[in-house]
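Q: There's a structure below that I have some questions on.
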Amino acid sequence: MSFANLPDLTRLKLLLPADSLLRNGNFFRMWIASTVAVLGGSVSQLALPLTAVQILHAGAGQMGLMFACGALPFVLFSLPAGVWLDRRSKRSVIVGFNLLGCAALAVVPLAVVFDALSMPLLYAVDFVVGTGFCIGGSAAQVFITQLVGRERLVEANSNQATATSIAGLIGPVVAGMLVGWLGAPTAVALDAVAFLVSAMLVASIRFREVPMKLSTQPVLEDMLEGLRFVWRHPLLRAFATMAFMTIFLFDGFMALYVLHATRNLHLTPSELAAVNTLAAFGALAGATSVHRLNRRIGKHVVITFGLGVTALGFLAYSQVPPGSWAVALAGGSMFLVNGGLTAYTVNYLAMRQMVTPDVMLGRMTTTMRFLSVSAAPVGSSISGYCADRYGIAVVLVGLGIGGIAASLLSRWLIARAVLAKLPGEAEVAEATA
């Protein structure tokens, strides 16, 4: 059966509520493609670090550097990619970079077979996959905006987050079984297949993209225009600052997450998979509760509340003792981390897209990613270095305290941005309501 003709999925859509966005055939395919990609990603999120730890005996510094390599493309390519995306078909970009990610991940099990696995190779694989997330992921955010329109962005991002959560529930179980039975490198191959399937699903979408006026300006001038747009917009400027802090802390945490579980808590791959499953339940809780929370306390409050919950998760994870309760306590901590971060992300993405005109979507998205994700290699590298010197648990506590401070500062930044909105920017107040 080709991906262009999916009768089984069409019948599944008939079970959905009449007003569900998932009844939109194009968005439904995009949602399934995202679910498949995240399912594979949740496998490699466990399998790639375990490959480094179990086979190459990587230390904290090396793990931090590996995570930094995955985030480095956001620093190098985000700004020119924004100009490029505003001049290209977003769907073809998503397909192309999914295929690139598939090829990069397939190298890992092949390197093990031919006894060629090394940390520099894993650094390179993370860099290539990160490039796909940088450019292809930015294209996906713009493409979804075009598919559903601004008025349904919160619903679209919530559905995407729900798909991420559901796939995350299944992925750790599959990853744990594959790592336990066949080894971590074989589990990475599943992610490669997932990238391939996702590319085919996106390619099957039949949607005429919004035609863009090709700029006659030099690429550098277009890049600077994107930077100026974000900097001059009160809400986007606040979001960029907030996201920089968040990603610095979260990537610093993730660089030490697996290492702390295996070395300090002595968790097996299957136990770590159980922790990841509880983390996915947290993401699902965050995705499904965000609409209700938005109605009760407002989108901007949900953002800062989510960051605070994430910080509490960091602190809780740092205090988990080894022993029979380690899996449950670590899983509960990761439930908080992922639940809070998902609630934050759903609103953060929707609000920044709502205040951006179509002609600037590509440059806004990649500029925001450049300004925020550039913190990732810094955060992961510093965390790895400090963990080698002072201990992993100490650094995790520091990240938690930093997260609480970031949550409080974010509340002030958003409130200040709403008050300082430019004349005629009623959409700022609408986005934050």
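Identifiers in this document derive from the order of the structure tokens: chains are assigned A, B, ..., residues are numbered from 1 separately in each chain, and ligands are numbered from 1 in order of occurrence.
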Give me the residues near range 129-136 of chain A as a compact mmCIF listing (two decimals) with N, CA and C atoms, in the first residue's frame, where near means some atom within 8 Å (using only C-alpha atoms) and where sequence neighbours in that chain fewer than 5 positions away do not count.
A:
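Produced file out_5.txt, reproduced below:
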# COMPACT_ATOMS: atom_id res chain seq x y z
N CYS A 69 27.65 18.42 19.99
CA CYS A 69 27.73 18.25 18.54
C CYS A 69 26.34 18.19 17.92
N GLY A 70 25.39 17.62 18.64
CA GLY A 70 24.03 17.56 18.13
C GLY A 70 23.35 18.91 18.09
N ALA A 71 23.79 19.82 18.96
CA ALA A 71 23.19 21.17 19.01
C ALA A 71 23.96 22.19 18.18
N LEU A 72 25.22 21.88 17.84
CA LEU A 72 26.06 22.85 17.12
C LEU A 72 25.46 23.33 15.80
N PRO A 73 24.77 22.46 15.02
CA PRO A 73 24.18 22.95 13.76
C PRO A 73 23.22 24.13 13.95
N PHE A 74 22.56 24.21 15.10
CA PHE A 74 21.66 25.33 15.34
C PHE A 74 22.43 26.65 15.40
N PHE A 77 23.97 26.96 11.35
CA PHE A 77 23.12 26.98 10.16
C PHE A 77 21.79 27.70 10.31
N SER A 78 21.37 28.01 11.54
CA SER A 78 20.01 28.52 11.73
C SER A 78 19.73 29.78 10.92
N ALA A 81 19.72 29.24 7.17
CA ALA A 81 18.62 28.32 6.85
C ALA A 81 17.28 29.04 6.81
N VAL A 93 11.95 20.13 1.88
CA VAL A 93 13.04 20.27 2.84
C VAL A 93 12.89 19.24 3.96
N ILE A 94 11.66 19.07 4.47
CA ILE A 94 11.41 18.09 5.53
C ILE A 94 11.78 16.69 5.05
N VAL A 95 11.34 16.33 3.85
CA VAL A 95 11.63 15.00 3.30
C VAL A 95 13.13 14.80 3.15
N GLY A 96 13.82 15.78 2.58
CA GLY A 96 15.25 15.64 2.32
C GLY A 96 16.06 15.44 3.59
N PHE A 97 15.74 16.20 4.63
CA PHE A 97 16.53 16.08 5.86
C PHE A 97 16.14 14.87 6.69
N ASN A 98 14.92 14.36 6.53
CA ASN A 98 14.59 13.07 7.14
C ASN A 98 15.43 11.95 6.53
N LEU A 100 18.36 12.36 5.16
CA LEU A 100 19.74 12.56 5.63
C LEU A 100 19.92 11.97 7.02
N GLY A 101 18.95 12.17 7.91
CA GLY A 101 19.03 11.59 9.24
C GLY A 101 19.03 10.08 9.21
N ALA A 104 22.54 8.93 8.26
CA ALA A 104 23.53 9.13 9.32
C ALA A 104 23.40 8.07 10.42
N LEU A 105 22.17 7.79 10.84
CA LEU A 105 21.96 6.80 11.91
C LEU A 105 22.32 5.39 11.46
N THR A 366 13.94 30.14 12.43
CA THR A 366 15.35 29.78 12.51
C THR A 366 16.15 30.78 13.33
N ARG A 369 15.52 29.83 16.84
CA ARG A 369 16.27 28.61 17.15
C ARG A 369 17.76 28.92 17.31
Q: Counting only C-alpha atoms, what is within 12 Å of Pro120 in chain A, bar same-chain residues fewer than 6 positions away, as a list in words?
A: Ala52, Leu56, Ala58, Gln62, Met63, Leu65, Met66, Cys69, Val108, Ala111, Asp126 and Phe127 of chain A
Q: If you count only C-alpha atoms, which residues fall within 8 Å of Val346 in chain A, apart from same-chain ones fewer than 5 positions away, as a PyMOL selection string?
A: chain A and resi 154+157-158+161+287+290
Q: Can you list every residue in range 11-80 of chain A that DSSP puts in alpha helix (DSSP H), as a ChimeraX atom specification?
A: /A:11-13,25-50,60-80
Q: Could you write out the selected residues, including N, CA and C atoms, as a CSV table (one decimal), in the first residue's frame?
A:
chain,number,residue,atom,x,y,z
A,11,ARG,N,-10.3,5.6,7.9
A,11,ARG,CA,-11.4,5.0,8.7
A,11,ARG,C,-11.2,5.4,10.2
A,12,LEU,N,-9.9,5.5,10.6
A,12,LEU,CA,-9.5,5.9,11.9
A,12,LEU,C,-10.0,7.3,12.2
A,13,LYS,N,-9.8,8.2,11.2
A,13,LYS,CA,-10.2,9.6,11.4
A,13,LYS,C,-11.7,9.7,11.6
A,25,GLY,N,-7.0,15.9,6.5
A,25,GLY,CA,-6.1,14.9,5.9
A,25,GLY,C,-4.7,15.2,5.9
A,26,ASN,N,-4.3,16.4,5.5
A,26,ASN,CA,-2.9,16.8,5.4
A,26,ASN,C,-2.2,16.8,6.8
A,27,PHE,N,-2.9,17.5,7.7
A,27,PHE,CA,-2.4,17.5,9.1
A,27,PHE,C,-2.3,16.1,9.7
A,28,PHE,N,-3.3,15.3,9.4
A,28,PHE,CA,-3.3,13.9,9.9
A,28,PHE,C,-2.0,13.2,9.5
A,29,ARG,N,-1.7,13.3,8.2
A,29,ARG,CA,-0.5,12.6,7.7
A,29,ARG,C,0.8,13.2,8.4
A,30,MET,N,0.8,14.5,8.5
A,30,MET,CA,1.9,15.2,9.2
A,30,MET,C,2.0,14.7,10.7
A,31,TRP,N,0.9,14.5,11.3
A,31,TRP,CA,0.9,14.0,12.7
A,31,TRP,C,1.4,12.6,12.8
A,32,ILE,N,1.0,11.7,11.9
A,32,ILE,CA,1.5,10.4,11.8
A,32,ILE,C,3.0,10.4,11.6
A,33,ALA,N,3.4,11.2,10.6
A,33,ALA,CA,4.9,11.2,10.3
A,33,ALA,C,5.7,11.7,11.5
A,34,SER,N,5.2,12.7,12.3
A,34,SER,CA,5.8,13.1,13.5
A,34,SER,C,5.9,12.0,14.5
A,35,THR,N,4.8,11.3,14.7
A,35,THR,CA,4.7,10.2,15.6
A,35,THR,C,5.7,9.1,15.3
A,36,VAL,N,5.8,8.8,14.1
A,36,VAL,CA,6.8,7.8,13.7
A,36,VAL,C,8.2,8.2,13.9
A,37,ALA,N,8.5,9.5,13.6
A,37,ALA,CA,9.8,10.0,13.8
A,37,ALA,C,10.2,10.1,15.3
A,38,VAL,N,9.3,10.5,16.1
A,38,VAL,CA,9.5,10.6,17.5
A,38,VAL,C,9.7,9.2,18.1
A,39,LEU,N,8.9,8.2,17.6
A,39,LEU,CA,9.1,6.9,18.1
A,39,LEU,C,10.5,6.4,17.9
A,40,GLY,N,11.0,6.6,16.7
A,40,GLY,CA,12.4,6.2,16.4
A,40,GLY,C,13.4,7.1,17.3
A,41,GLY,N,13.1,8.4,17.4
A,41,GLY,CA,13.9,9.2,18.2
A,41,GLY,C,14.0,8.8,19.7
A,42,SER,N,12.9,8.4,20.2
A,42,SER,CA,12.9,7.9,21.6
A,42,SER,C,13.8,6.7,21.8
A,43,VAL,N,13.9,5.9,20.8
A,43,VAL,CA,14.8,4.7,20.8
A,43,VAL,C,16.2,5.2,20.8
A,44,SER,N,16.6,6.0,19.9
A,44,SER,CA,18.0,6.4,19.8
A,44,SER,C,18.4,7.4,20.9
A,45,GLN,N,17.4,8.1,21.6
A,45,GLN,CA,17.7,8.9,22.7
A,45,GLN,C,18.3,8.0,23.8
A,46,LEU,N,17.9,6.8,23.9
A,46,LEU,CA,18.4,5.8,24.9
A,46,LEU,C,19.6,5.1,24.3
A,47,ALA,N,19.5,4.7,23.0
A,47,ALA,CA,20.5,3.8,22.5
A,47,ALA,C,21.8,4.4,22.1
A,48,LEU,N,21.8,5.7,21.6
A,48,LEU,CA,23.0,6.4,21.2
A,48,LEU,C,23.9,6.6,22.5
A,49,PRO,N,23.4,7.2,23.6
A,49,PRO,CA,24.3,7.4,24.7
A,49,PRO,C,24.8,6.1,25.3
A,50,LEU,N,23.9,5.0,25.3
A,50,LEU,CA,24.3,3.7,25.8
A,50,LEU,C,25.4,3.1,24.9
A,60,ALA,N,32.1,11.7,31.3
A,60,ALA,CA,31.1,12.8,31.4
A,60,ALA,C,31.5,13.9,30.4
A,61,GLY,N,32.8,14.2,30.3
A,61,GLY,CA,33.2,15.2,29.3
A,61,GLY,C,32.9,14.8,27.9
A,62,GLN,N,33.1,13.6,27.5
A,62,GLN,CA,32.8,13.1,26.2
A,62,GLN,C,31.3,13.1,25.9
A,63,MET,N,30.5,12.7,26.9
A,63,MET,CA,29.0,12.7,26.7
A,63,MET,C,28.5,14.2,26.5
A,64,GLY,N,29.1,15.1,27.3
A,64,GLY,CA,28.8,16.5,27.1
A,64,GLY,C,29.1,17.0,25.7
A,65,LEU,N,30.3,16.6,25.2
A,65,LEU,CA,30.7,17.0,23.8
A,65,LEU,C,29.8,16.4,22.8
A,66,MET,N,29.4,15.1,23.0
A,66,MET,CA,28.5,14.5,22.0
A,66,MET,C,27.2,15.2,21.9
A,67,PHE,N,26.6,15.6,23.1
A,67,PHE,CA,25.3,16.4,23.0
A,67,PHE,C,25.6,17.7,22.4
A,68,ALA,N,26.8,18.3,22.6
A,68,ALA,CA,27.1,19.6,22.0
A,68,ALA,C,27.1,19.5,20.5
A,69,CYS,N,27.7,18.4,20.0
A,69,CYS,CA,27.7,18.2,18.5
A,69,CYS,C,26.3,18.2,17.9
A,70,GLY,N,25.4,17.6,18.6
A,70,GLY,CA,24.0,17.6,18.1
A,70,GLY,C,23.4,18.9,18.1
A,71,ALA,N,23.8,19.8,19.0
A,71,ALA,CA,23.2,21.2,19.0
A,71,ALA,C,24.0,22.2,18.2
A,72,LEU,N,25.2,21.9,17.8
A,72,LEU,CA,26.1,22.8,17.1
A,72,LEU,C,25.5,23.3,15.8
A,73,PRO,N,24.8,22.5,15.0
A,73,PRO,CA,24.2,22.9,13.8
A,73,PRO,C,23.2,24.1,14.0
A,74,PHE,N,22.6,24.2,15.1
A,74,PHE,CA,21.7,25.3,15.3
A,74,PHE,C,22.4,26.7,15.4
A,75,VAL,N,23.7,26.6,15.9
A,75,VAL,CA,24.5,27.8,15.9
A,75,VAL,C,25.0,28.1,14.5
A,76,LEU,N,25.4,27.1,13.8
A,76,LEU,CA,26.1,27.3,12.5
A,76,LEU,C,25.1,27.6,11.4
A,77,PHE,N,24.0,27.0,11.4
A,77,PHE,CA,23.1,27.0,10.2
A,77,PHE,C,21.8,27.7,10.3
A,78,SER,N,21.4,28.0,11.5
A,78,SER,CA,20.0,28.5,11.7
A,78,SER,C,19.7,29.8,10.9
A,79,LEU,N,20.6,30.8,11.0
A,79,LEU,CA,20.3,32.1,10.3
A,79,LEU,C,20.3,31.9,8.8
A,80,PRO,N,21.3,31.3,8.2
A,80,PRO,CA,21.1,31.2,6.7
A,80,PRO,C,20.0,30.2,6.3
Q: Any idea what the distance is between CA of Ser374 in chain A and CA of Ala311 in chain A?
A: 20.2 Å
Q: Could you work out how far CA of Gly362 in chain A lies from CA of Val142 in chain A, giving the answer in Å with one decimal?
A: 6.3 Å
Q: Can you tell me which residues surround His300 in chain A at a distance of at most 12 Å, considering only C-alpha atoms, apart from same-chain residues fewer than 6 positions away, and format the answer as a ChimeraX atom specification?
A: /A:235,238-239,242,290,293-294,306-307,343-352,407,410-418,428-433
